[in-house]
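Below is one structure, written out as structure tokens; comments come after it.
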Amino acid sequence: MQKIFDRQHASRVPEDELAGPLGKIWYLPHFDIYHPKKPNQVRVVFDCSAVFYNESLNRNLLQGPDQLNSLVGVLTRFRKDDVALTCDVEQMFHSFYVNPESRDFLRFLWFENNDLNGPIVEFRMNVHLFGAISSPAVANYCLHKTAEDGRAQFGDKAADFLCRNFYVDDGLTSVPTVTEAIKLIKDSQALCMTAKLRLHKFASNRKDVLEALPKDDQAKDLKDLDLRHDTLPIQRSLGTFRCIESDTLGFRTELKDKPLSCRGILSTISSVYDPLRIVSQVILCGKLILQERCRQNVDWDDPVPEEILPRWERWRNELPLLEDVNIQHCFKPPGFGKVVQTEVHSPLSPLKFSDASQSGIGQVSYLRVVNENKDVHVSFLMSKARVGPIKPMSIPRMELTAAVVSVNVTAMLERELDYTSLQSAYYTDSEVVIAYIHNDVRRFHVYVGNRVQHIRDHTSPEQWHHVPGKDNPADEASGSLTASQLLDNRRWFYGPDFLWKDNVPLLNPVQPIQLPMNDVEVRAKVLTTACLTPLEPIDLLVYIPSYLVVV
């Protein structure tokens with residue numbers, strides 16, 4: 001609390017203003033929060049949702065437009081180049097002041113002179129609060145406005161960094177060289193200082209970058225290290241864990257005792273934070289167990305039956321193995337050189353219903369890059385895995401749904417990666433889906449017709465290719481794997497072997513496939529005939545409305 005007063009983020013209400021404007025005063029309860037991973041750090045939180053006489057501060061504030069960057073977009077752009085940078089805006093919400101006429105809505109009670117034995121007096125906050133529904137929109141707008149105002153003076157790279165690569169107060173980006181990283185840090189800090197914002201807690205996978213920074217600007221866990229000899233630690237950025245020393249992205253699992261019920265199962269599944277869906281098929285395995293319980297129409301707190309309990313415990317006990325799963329931070333290996341071609345490959349799941357534990361749809365995307373020497377490298381981008389609907393659905397419809405998911409994911413990646421040219425290719429092992437997409441003659445029922453139209457609105461039929469099921473890595477996403485099975489699955493992390501060839505072959509180039517006449521998704525043609533009798537000219541006058549006048 002003393003820091004809040006020292007930084008003038010709050011001030012005591014003067015005696016002559018205690019009465020305040022009638023009906024324009026609000027008092028906020030506050031409490032302290034201790035982060036389990038930061039035992040020496042305390043955060044004071046003001047409860048803007050506290051209700052009094054059916055009113056609260058948040059109910060009277062406008063949320064404002066959502067100006068947050070896409071989390072997946074920030075994380076994927078973070079992997080584009082070799083030199084990684086992360087940083088933080090110091091007390092971002094408290095860096096922007098509230099208009100003086102509105103500060104009486106932010107009053108609170110505290111001890112005079114911060115003496116716990118002294119009298120209680122009235123204070124009011126001068127800055128936007130962590131917990132106010134309007135604060136994120138205000139803070140993001142001000143950060144973007146600062147960047148745009150300083151674009152001409154400090155350059156496009158610094159401005160784009162603040163606008164495109166921040167998620168709330170955390171910034172993540174990557175650049176090709178150490179020199180560019182150091183310049184970006186200096187320009188970004190100078191740009192932020194024009195609005196009295198401070199960028200600090202910098203971390204990088206390159207020790208040369210860290211050595212160029214003052215100790216006060218480095219992340220806390222780096223300040224006391226000998227950068228030339230000590231091992232760089234594991235850092236947490238936007239909920240993901242990054243080993244700076246090995247330059248990899250990974251996981252940390254913390255299993256807590258939860259009741260053996262649907263509520264406990266859902267809590268355990270949700271505890272694995274995986275925004276890029278690196279282990280989506282492992283999570284799918286747990287979701288299928290939960291879906292099986294939901295099919296039985298049980299209550300949330302009913303205990304797990306004996307026939308399901310062993311499968312659930314085996315899956316849960318293997319979750320710590322996910323800490324051995326990691327992918328390289330950068331799409332390119334060290335020393336790969338200049339990229340001359342990029343392609344996004346989105347294999348689709350073969351999607352089959354074998355039983356309840358196998359039902360689902362999956363999609364996985366890879367980025368294939370080629371350098372000037374025609375060396376090829378394939379990196380995992382992201383995936384999606386969903387449980388199938390409880391109501392049974394035909395395999396062709398499930399395959400088509402997976403195709404739609406793949407189109408949507410690829411569109412998002414093309415938008416977020418900021419590459420100038422991407423040549424997307426789609427692979428599926430379903431000849432039926434290929435036939436649906438290439439069809440120009442026959443009409444489908446509404447479900448299939450709408451999805452085929454969506455696919456053709458965003459892709460061309462020539463982008464879709466057939467791949468044998470044995471070469472389709474999305475098979476893992478739809479079928480689910482345990483953590484132990486995933487560790488040995490090279491195809492999931494690096495893609496099928498044919499992607500690593502100099503020229504990616506079009507496996508089984510698509511030939512026009514005629515849909516069988518008895519395909520259930522094809523609408524039957526209804527032909528009607530009529531016998532028309534020629535009419536005499538005089539008879540046509542009968543059909544002319546009386547209000548028409550012929551001149």
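Letters A, B, ... mark the chains of the structure tokens in the order given; residue numbers begin at 1 per chain; ligand numbers begin at 1, in order shown.
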(request) For range 315-331 of chain A, please output as number ranges by chain all residues within 9 Å (counting only C-alpha atoms; exclusion window: fewer than 6 positions along the same chain). (result) A: 78-84, 174, 242, 246-255, 268-269, 272, 278-279, 282, 285-286, 367-369, 377-381, 482-484, 486-487, 493
(message) Write out as a ChimeraX atom specification the set of residues from range 172-344 of chain A that DSSP, computed on the backbone, places in strand (DSSP E).
(response) /A:172-175,199-204,234-237,240-243,248-250,326-328,339-344
(request) Run DSSP on the backbone and grab whatever in range 363-455 of chain A lands in helix (DSSP H, G or I); send it over as a ChimeraX atom specification. (result) /A:395-417,431-438,446-455
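Closest approach to Tyr97 in chain A among A:Ser394, A:Thr420, A:Asn503, A:Asn126 is made by A:Asn126 (distances from only C-alpha atoms).
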Report the closest atom pair, with its distance in Å rounded to one decimal, for each residue of range 49-152 of chain A that has an atom no farther than 12 Å from range 409-416 of chain A; count only C-alpha atoms, sort by chain and then rising residue number, and write it as a tab-separated table.
```
residue	atom	partner	partner_atom	distance
A:Asn69	CA	A:Glu416	CA	9.7
A:Ser70	CA	A:Glu416	CA	8.2
A:Leu71	CA	A:Glu416	CA	10.1
A:Val72	CA	A:Glu416	CA	8.3
A:Gly73	CA	A:Glu416	CA	5.0
A:Val74	CA	A:Glu416	CA	7.9
A:Leu75	CA	A:Glu416	CA	9.7
A:Thr76	CA	A:Glu416	CA	7.6
A:Arg77	CA	A:Glu416	CA	7.2
A:Phe78	CA	A:Glu416	CA	10.8
A:Arg79	CA	A:Glu416	CA	11.8
A:Lys80	CA	A:Glu416	CA	11.2
```
If you count only C-alpha atoms, which residues fall within 10 Å of Gly131 in chain A, apart from same-chain ones fewer than 4 positions away, as an mmCIF file with N, CA and C atoms, in the first residue's frame?
```cif
data_model
loop_
_atom_site.group_PDB
_atom_site.id
_atom_site.type_symbol
_atom_site.label_atom_id
_atom_site.label_comp_id
_atom_site.auth_asym_id
_atom_site.auth_seq_id
_atom_site.Cartn_x
_atom_site.Cartn_y
_atom_site.Cartn_z
ATOM 1 N N VAL A 45 -5.798 -5.542 -4.539
ATOM 2 C CA VAL A 45 -6.851 -5.606 -5.534
ATOM 3 C C VAL A 45 -8.092 -4.906 -4.994
ATOM 4 N N PHE A 46 -8.644 -4.010 -5.783
ATOM 5 C CA PHE A 46 -9.879 -3.316 -5.419
ATOM 6 C C PHE A 46 -11.046 -4.029 -6.089
ATOM 7 N N ASP A 47 -12.045 -4.360 -5.303
ATOM 8 C CA ASP A 47 -13.172 -5.143 -5.789
ATOM 9 C C ASP A 47 -14.189 -4.219 -6.453
ATOM 10 N N CYS A 48 -14.044 -4.040 -7.764
ATOM 11 C CA CYS A 48 -14.951 -3.157 -8.495
ATOM 12 C C CYS A 48 -16.298 -3.817 -8.774
ATOM 13 N N SER A 49 -16.426 -5.104 -8.477
ATOM 14 C CA SER A 49 -17.696 -5.807 -8.685
ATOM 15 C C SER A 49 -18.499 -5.937 -7.402
ATOM 16 N N ASN A 58 -18.565 -1.732 -11.556
ATOM 17 C CA ASN A 58 -18.451 -2.348 -12.878
ATOM 18 C C ASN A 58 -19.773 -2.330 -13.644
ATOM 19 N N PHE A 93 -1.775 -0.779 -15.837
ATOM 20 C CA PHE A 93 -3.045 -0.116 -15.553
ATOM 21 C C PHE A 93 -2.837 1.135 -14.702
ATOM 22 N N SER A 135 -10.707 -0.988 -17.548
ATOM 23 C CA SER A 135 -9.256 -0.771 -17.535
ATOM 24 C C SER A 135 -8.518 -1.422 -18.700
ATOM 25 N N PRO A 136 -8.809 -2.673 -19.087
ATOM 26 C CA PRO A 136 -8.064 -3.251 -20.217
ATOM 27 C C PRO A 136 -8.212 -2.458 -21.511
#
```
(request) Tell me, in Å to one decimal, how far CA of Thr401 in chain A is from CA of Arg456 in chain A. (result)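 Going from CA of Thr401 in chain A over to CA of Arg456 in chain A covers 13.6 Å.
CA of Asn472 in chain A to CA of Val340 in chain A spans 26.0 Å [interatomic distance, one decimal].
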Proximity check range 424-455 of chain A to range 461-464 of chain A, 10 Å, nearest pairs one decimal Å, only C-alpha atoms, as a tab-separated table:
```
residue	atom	partner	partner_atom	distance
A:Ser424	CA	A:Gln463	CA	7.0
A:Ala425	CA	A:Gln463	CA	5.1
A:Tyr426	CA	A:Trp464	CA	4.8
A:Tyr427	CA	A:Trp464	CA	5.8
A:Thr428	CA	A:Trp464	CA	7.5
A:Val433	CA	A:Trp464	CA	9.3
A:Ile434	CA	A:Trp464	CA	6.9
A:Ala435	CA	A:Pro461	CA	9.6
A:Tyr436	CA	A:Pro461	CA	9.7
A:Ile437	CA	A:Pro461	CA	6.1
A:His438	CA	A:Pro461	CA	5.7
A:Asn439	CA	A:Pro461	CA	9.1
A:Ile455	CA	A:Pro461	CA	8.7
```
(request) Give me the residues within 10 Å of Ile390 in chain A as a count of residues only, counting only C-alpha atoms and dropping any in the same chain fewer than 4 places off. (result) 6
(request) Quick one: everything within 12 Å of Gln153 in chain A, counting only C-alpha atoms, minus sequence neighbours fewer than 4 positions away in the same chain. Send it as a list in words. (result)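 So, after excluding close chain neighbours, the residues are Thr146, Ala147, Glu148, Asp149, Lys157, Ala158, Ala159, Asp187, Ser188, Ala190, Leu191, Cys192 and Thr194 of chain A.
Candidate residues A:Asn114, A:Leu288, A:Ile308, A:Phe161 were compared for distance to Leu481 in chain A, and the nearest is A:Leu288, using only C-alpha atoms.
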(message) Quick check, in Å to one decimal: how far apart do CA of His445 in chain A and CA of Arg386 in chain A lie?
(response)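 Atom-to-atom, CA of His445 in chain A to CA of Arg386 in chain A, that is 23.9 Å.
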Within 12 Å of Asn99 in chain A, counting only C-alpha atoms, which residues qualify if same-chain residues fewer than 2 places away don't, as a tab-separated table (two decimals) with N, CA, C and O atoms, in the first residue's frame?
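And here is the file that came out, result18.tsv:
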```
chain	number	residue	atom	x	y	z
A	96	PHE	N	-1.93	4.92	-16.20
A	96	PHE	CA	-2.87	5.82	-16.87
A	96	PHE	C	-3.83	6.40	-15.85
A	96	PHE	O	-4.49	5.66	-15.11
A	97	TYR	N	-3.90	7.72	-15.81
A	97	TYR	CA	-4.65	8.42	-14.77
A	97	TYR	C	-6.13	8.59	-15.16
A	97	TYR	O	-6.48	8.70	-16.33
A	101	GLU	N	-12.45	14.54	-12.07
A	101	GLU	CA	-13.86	14.59	-11.70
A	101	GLU	C	-14.46	13.21	-11.49
A	101	GLU	O	-15.58	13.09	-10.97
A	102	SER	N	-13.74	12.16	-11.87
A	102	SER	CA	-14.27	10.80	-11.72
A	102	SER	C	-13.60	10.03	-10.59
A	102	SER	O	-13.97	8.88	-10.33
A	103	ARG	N	-12.65	10.61	-9.92
A	103	ARG	CA	-11.88	9.88	-8.91
A	103	ARG	C	-12.65	9.60	-7.64
A	103	ARG	O	-12.27	8.70	-6.87
A	104	ASP	N	-13.73	10.32	-7.39
A	104	ASP	CA	-14.51	10.05	-6.19
A	104	ASP	C	-15.27	8.73	-6.29
A	104	ASP	O	-15.78	8.23	-5.28
A	105	PHE	N	-15.36	8.19	-7.47
A	105	PHE	CA	-15.94	6.85	-7.61
A	105	PHE	C	-14.95	5.76	-7.19
A	105	PHE	O	-15.32	4.59	-7.12
A	106	LEU	N	-13.71	6.16	-6.91
A	106	LEU	CA	-12.65	5.20	-6.58
A	106	LEU	C	-12.15	5.40	-5.15
A	106	LEU	O	-10.98	5.18	-4.85
A	125	MET	N	-8.28	6.56	-5.46
A	125	MET	CA	-7.30	6.20	-6.47
A	125	MET	C	-7.28	7.26	-7.56
A	125	MET	O	-8.32	7.82	-7.94
A	126	ASN	N	-6.08	7.52	-8.06
A	126	ASN	CA	-5.90	8.48	-9.15
A	126	ASN	C	-5.73	7.81	-10.50
A	126	ASN	O	-5.71	8.48	-11.53
A	127	VAL	N	-5.59	6.48	-10.48
A	127	VAL	CA	-5.27	5.75	-11.71
A	127	VAL	C	-6.32	4.66	-11.94
A	127	VAL	O	-7.15	4.37	-11.07
A	128	HIS	N	-6.27	4.08	-13.13
A	128	HIS	CA	-7.18	2.99	-13.45
A	128	HIS	C	-6.82	1.75	-12.65
A	128	HIS	O	-5.65	1.49	-12.38
```
(request) May I ask which of the residues A:Glu211, A:Leu238, A:Lys338, A:Tyr419 is the closest one to Leu225 in chain A, counting only C-alpha atoms? (result)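 So, comparing all the options, the nearest one is A:Glu211.
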